[in-house]
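Below is one structure; the comments refer to it alone.
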Amino acid sequence: METADPTPHARSTDRDTAADGPPRTAPQLSLELLVHGVGGTTAQEMLGDPRVQLITGDDTAACYRRTDDADAEQRPDDYRGEPVREAYCWSNLTSGNGARALWLILVPFMVANLAHWMRPAAPSEHPAQRIYDLLVRILALTLTVLLAAAACEVALDLTAWQCAGTTVCAAGKSWMGFLSPDNSGWWSAPGRRLALASMVPLLVIGFLWGLSRRTWSAYESASPPPRLPGTSRDTPVAERTALSREGFWYGRRLVARLRAAHTTAGVLTVAAVLLAAAAKADGDGGHPVLAVTGRALTALVIVLAAATLIVVWRTARSEDAPDVSSDHLVVRALPFASLAVLALTLVHTGWARPGARSRGPLPGADAFGGIAVFQGVLVLALAVTAWVLQRAARDDARTALRGMGGPAVALLACAVGGVLSGGVAQRFADWLDGGATPGQAHAPIPGPPVLLSWQASVIPALLVVVAAVAVLAAVRVVIVRNRVAKDVPGLYDPREQPDAGRTKRIAATIAGAGLTDSAPVLIAATSAVTLVLGAGAVVGAWLTGRAPGRATEGAPPVVHAAAETAESLGSWLMGAGVILLITMGRRAYRDHSARRTIGILWDVGTFWPRAAHPFAPPCYAERAVPDLTWRMATWTERFDGRLVLSGHSQGSVLAAAAVWQLDLVTRSRVALLTYGSPLERLYGRWFPAFFGPPALTGLHREMDDWRNLWRFTDPIGGPIRLTCEGGRRIDQGPLRDPLSFGRTLQNPLPAQILGHGDYQADPVFGTVRAELIARIGPDLPGQRPADESPKGRPAQGSSGKSSG
């Protein structure tokens, strides 16, 4: 194993090399470090050899070499002109454990966290930056409150208050017999039923707290790079990115503070629901002492809620240096204080109240409407802030949705959270009341809050809009396919016989790959319709106070039938969405291939640190980026070598992030080869403040060299759109795909359309790779002085041999 001293300029020690390393007079080694993309792959596949050996790392993420190359540093003469190939495998960070499939229920939190990073590329000192980040953090907090409220709706309202308090509903449910009022047992009092049922939402909150803490210890606690990252003074301020700051990938204290605040918010939500029910009973039954106690506990809940908001308000990212300080005692004590208040509330709620009965829905059901309205206000405020930032942005030519990507994604996070919470409540209510429909006439229980029924009724309309956009996208594919088909034969040797069917398949692949660039249209349409329909659902619920089916009973038959159909269909779709997530999680737990597919979703969605929501799936880059940085910095320092960092797909994003974390000397000794890269096409458009054109220009300015390969048939990768010194472009492409059009002497069988995969099969890949290796060959001078501008390129070395 390779270990490193935590001090700067540490000397690493490979387990398979000599203790002191080769002498400085030995031939200079080169290293090609391969980083795979989404979905992962094995070291054997990356290195093209079934015999591989772990060099450094663990079962989660590690570097491997071919067994024959394990001691390459002891035999530098064997690698003249050819780099040592090493593979960094990180797929187990996201898809290695079947239990991680349960992260599917955290989708709303993950999407809200993405909104934080989608802000426009305004100057870092712009005051609206802090407002934007604050709004996203508060919006994320409302999602935690919504989750806790949904758990209370299922356990406290539907189960303990409505069903357990109704003889018809409780009949036939043996597990609920001791709660029934007909039993006249100790637990049959409404307050005690609620106190017992409150353990369910408390367990949900505790599970999220434990999951966040466990992943926090494994991901956010990775040690920073061995040497401080830097930016050349010759690099313009506009080209400097936050990803080059020392503390960017070390969010240990921030996640801990947010975890304390969100845990407190969830516990206080449970306490608030219990106090609302007790206040109604005390008001109806005339219990003055209990009423005073309830008001005192309510005041404590308000004070703790205010303290939680202050913590969220003041918890901003500190990226200039790793924040290793301890939290204030007040922050650490917040969850325990909320648990103490909840314990007092349980005693208060469970106190004997003779004659108390549970009738109708649980008091406080209107809170769902309040949460929805508050989230809508936050999204609108976020949109205004994003508009201000976009006007001050440095380069907005290709920014997705003209800077409105963050607000649109934040709205979708709220919508997904509403669908999940409403779907669970609707399905659970249907299961409790048997064959009846909750909320309808003659139903044994009133059912979920009216707002959830209205939200369910607008889902079919939203799906119609999404389907219409999908149809338009399909039409666009056909149009583009027909236009591109005319040019496909001209890309190949005219001696190859044109084939109409094959031409159409190639053109269709190119047209389908282009749909990625149309994603902003789909998200914009979905977000706009969601905002309008969501507002309509809130207004309808507040004006009528009844579900859509009952609210339209006096309307014309067509309107009434449409309302009932939309309500029933939407309720079914809500529940089906929840069941689908659970089914996917169960299948992924048992099926490795399904687990890998779900892991791909997290490869894309959890690249960013948890800056807004601590219960989001953890950021794997906070382990992968330090891994790569440590490996590059210590290897180049110890062996005085040059390095080609070769990244495919999402691996190219990790590679770029790792290069930004290097010190200037090491960074100038690294060449970057990317292929199938979403750096500009996806990350540059959706995260312009971090991967926009100025940031990518600054990255290229400070490193040795960079080449990028891309294809028209690739739905993920694309060009970087930057120019090297002397007018030479970084992009090499578009590469021809497939490699041959028809059957030839060299290719008697039809060549496969590669799309996003197997870039190494193209001869251009080997040529470009050989050029980069030649640039870092043994004829290059030693390390540049720290004060030398990295813009000055080393002289061109002798041509090296490519290893494929």
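Just so we're on the same page: first chain in the structure tokens is A, next is B, and so on; residues restart at 1 for each chain, and ligands are numbered from 1 in the order they show up.
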key: Residue list (strand (DSSP E or B), DSSP) for stretch 32-120 of chain A, as JSON, numbers by chain   = {"A": [32, 33, 34, 35, 52, 53, 54, 55, 56, 57, 62, 63, 64, 65, 66, 84, 85, 86, 87, 88, 89]}
task = Pick out the closest residue to A:Phe109 from this set: A:Ile579, A:Leu411, A:Ala400, A:Ala218. Count only C-alpha atoms.
result = A:Leu411
task = Compare A:Trp209, A:Phe428, A:Phe639, A:Tyr132 by their minimum atom-to-atom distance to A:Val379, counting only C-alpha atoms, and give me the closest one.
result =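 So, comparing all the options, the nearest one is A:Tyr132.
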query = Counting only C-alpha atoms, what is within 6 Å of stretch 252-265 of chain A, bar same-chain residues fewer than 4 positions away, as a list in words?
reply =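 Answer for this query is Glu220, Ser221, Thr308, Pro335, Ser338 and Pro614 of chain A.
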Given the selection you just returned, output its residues as a file containing N, CA and C atoms, formatted as a compact mmCIF listing (two decimals), in the first residue's frame.
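The result, written out as part_16.txt:
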# COMPACT_ATOMS: atom_id res chain seq x y z
N GLU A 220 -17.07 13.00 3.67
CA GLU A 220 -16.64 14.37 3.93
C GLU A 220 -15.36 14.47 4.75
N SER A 221 -14.89 13.36 5.29
CA SER A 221 -13.73 13.41 6.17
C SER A 221 -12.44 13.01 5.49
N THR A 308 -32.86 27.32 15.00
CA THR A 308 -32.54 26.49 13.83
C THR A 308 -32.40 27.33 12.58
N PRO A 335 -30.17 19.52 18.62
CA PRO A 335 -30.97 18.28 18.51
C PRO A 335 -31.37 17.72 19.87
N SER A 338 -34.20 19.79 21.27
CA SER A 338 -35.48 19.49 20.62
C SER A 338 -36.03 18.15 21.10
N PRO A 614 -28.20 18.18 4.25
CA PRO A 614 -27.30 17.17 4.81
C PRO A 614 -27.79 15.74 4.64
task = With a distance cut-off of 7 Å and only C-alpha atoms, select the neighbouring residues of A:Val419, excluding the residue or stretch itself and same-chain residues fewer than 4 positions from it, and output the selection as an MDAnalysis selection string.
result = chainID A and resid 415 423 574
Generate a file of the selected residues that holds C-alpha atoms, formatted as a CSV table (one decimal), in the first residue's frame.
chain,number,residue,atom,x,y,z
A,415,ALA,CA,-42.6,18.9,-6.6
A,423,GLY,CA,-48.3,9.3,-2.7
A,574,MET,CA,-48.7,9.2,-6.7
ask   = Residues at most 7 Å from stretch 53-61 of chain A, counting only C-alpha atoms, excluding those fewer than 4 positions away in the same chain, as a ChimeraX atom specification?
value = /A:1-2,65-67,70,89-90,92-93
ask   = Quick one: of A:Ile523, A:Val200, A:Ile479, A:Val311, who's nearest to A:Asp327, counting only C-alpha atoms?
value =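 Ranking A:Ile523, A:Val200, A:Ile479, A:Val311 by distance to A:Asp327, first place goes to A:Val311.
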key: Distance query stretch 529-543 of chain A at most 10 Å, only C-alpha atoms, self and fewer than 2 positions along chain excluded, as a ChimeraX atom specification   = /A:366,368-370,372-373,376,379-380,408,411-412,414-415,418,449-459,461-463,465-466,523-527,545-548,551
message = Considering only C-alpha atoms, can you say which of A:Trp117, A:Leu749, A:Asp282, A:Arg736 comes closest to A:Gly490?
response =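 Counting only C-alpha atoms, the residue closest to A:Gly490 is A:Arg736.
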key: Per-residue DSSP, stretch 372-534 of chain A, filtered to alpha helix (DSSP H), as a ChimeraX atom specification   = /A:372-391,405-432,450-485,500-513,519-534
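With distances restricted to only C-alpha atoms, A:Ala507 is the closest residue to A:Phe712 from A:Cys163, A:Ala507, A:Ala612, A:Ala624.
Atom CA of A:Leu491 is found 17.9 Å from atom CA of A:Ala761.
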query = Residues at most 12 Å from A:Ala474, counting only C-alpha atoms, excluding those fewer than 6 positions away in the same chain, as a PyMOL selection string?
reply = chain A and resi 467-468+480-481+508+511-515+518
Write to file, as a JSON list (two decimals), in the first residue's frame, the residues of the selection just made, with N, CA, C and O atoms.
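So again35.json came out as:
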[["chain", "number", "residue", "atom", "x", "y", "z"],
["A", 467, "ALA", "N", -45.64, 14.64, -21.93],
["A", 467, "ALA", "CA", -45.79, 13.79, -23.11],
["A", 467, "ALA", "C", -45.76, 14.63, -24.39],
["A", 467, "ALA", "O", -45.18, 14.21, -25.40],
["A", 468, "ALA", "N", -46.39, 15.82, -24.36],
["A", 468, "ALA", "CA", -46.37, 16.69, -25.54],
["A", 468, "ALA", "C", -44.95, 17.12, -25.88],
["A", 468, "ALA", "O", -44.55, 17.14, -27.06],
["A", 480, "VAL", "N", -34.19, 16.08, -37.81],
["A", 480, "VAL", "CA", -32.72, 16.14, -37.83],
["A", 480, "VAL", "C", -32.15, 14.91, -38.51],
["A", 480, "VAL", "O", -31.16, 15.00, -39.26],
["A", 481, "ARG", "N", -32.74, 13.76, -38.27],
["A", 481, "ARG", "CA", -32.25, 12.53, -38.90],
["A", 481, "ARG", "C", -32.30, 12.65, -40.42],
["A", 481, "ARG", "O", -31.34, 12.30, -41.13],
["A", 508, "ALA", "N", -29.99, 8.65, -37.24],
["A", 508, "ALA", "CA", -30.89, 8.63, -36.08],
["A", 508, "ALA", "C", -30.11, 8.68, -34.77],
["A", 508, "ALA", "O", -30.53, 9.32, -33.80],
["A", 511, "ALA", "N", -29.03, 12.26, -34.30],
["A", 511, "ALA", "CA", -30.17, 13.09, -33.91],
["A", 511, "ALA", "C", -30.58, 12.81, -32.48],
["A", 511, "ALA", "O", -30.91, 13.74, -31.72],
["A", 512, "GLY", "N", -30.57, 11.54, -32.07],
["A", 512, "GLY", "CA", -30.93, 11.21, -30.69],
["A", 512, "GLY", "C", -29.92, 11.75, -29.69],
["A", 512, "GLY", "O", -30.30, 12.21, -28.61],
["A", 513, "ALA", "N", -28.64, 11.71, -30.04],
["A", 513, "ALA", "CA", -27.63, 12.25, -29.15],
["A", 513, "ALA", "C", -27.80, 13.75, -28.95],
["A", 513, "ALA", "O", -27.48, 14.30, -27.90],
["A", 514, "GLY", "N", -28.34, 14.43, -29.96],
["A", 514, "GLY", "CA", -28.55, 15.87, -29.85],
["A", 514, "GLY", "C", -29.66, 16.26, -28.91],
["A", 514, "GLY", "O", -29.78, 17.44, -28.57],
["A", 515, "LEU", "N", -30.49, 15.28, -28.49],
["A", 515, "LEU", "CA", -31.57, 15.62, -27.56],
["A", 515, "LEU", "C", -31.04, 16.11, -26.21],
["A", 515, "LEU", "O", -31.76, 16.81, -25.50],
["A", 518, "SER", "N", -31.40, 19.59, -25.76],
["A", 518, "SER", "CA", -32.78, 20.07, -25.62],
["A", 518, "SER", "C", -33.33, 19.87, -24.22],
["A", 518, "SER", "O", -34.50, 20.20, -23.97]]
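As for atom CA of A:Ile510 and atom CA of A:Gly766, they are spaced 23.8 Å apart.
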query = Any idea what the distance is between atom CA of A:Gly575 and atom CA of A:Val424?
reply =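 Those two atoms sit 6.1 Å apart.
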query = Taking into account only C-alpha atoms, which residue in the set A:Thr552, A:Thr159, A:Ser212, A:Ser358 is nearest to A:Leu106?
reply =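 That would be A:Ser212, the residue with the smallest distance to A:Leu106.
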Show me a table, sorted first by chain and then by increasing residue number, of the residues of stretch 605-687 of chain A having an atom at most 10 Å from stretch 119-122 of chain A, each with its shortest atom pair and the distance in Å to one decimal, counting only C-alpha atoms and written as a Markdown table.
| residue | atom | partner | partner_atom | distance |
| --- | --- | --- | --- | --- |
| A:Arg685 | CA | A:Pro120 | CA | 9.6 |
| A:Trp686 | CA | A:Arg119 | CA | 8.5 |
| A:Phe687 | CA | A:Arg119 | CA | 6.8 |
Residues just named, written with N, CA and C atoms as a CSV table (one decimal), in the first residue's frame:
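What landed in again-v3.csv:
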chain,number,residue,atom,x,y,z
A,685,ARG,N,-22.7,24.3,-18.9
A,685,ARG,CA,-24.0,25.0,-19.2
A,685,ARG,C,-24.9,25.0,-17.9
A,686,TRP,N,-24.9,23.9,-17.1
A,686,TRP,CA,-25.7,23.9,-16.0
A,686,TRP,C,-25.1,24.4,-14.7
A,687,PHE,N,-23.7,24.4,-14.7
A,687,PHE,CA,-23.0,24.9,-13.5
A,687,PHE,C,-22.0,25.9,-14.0
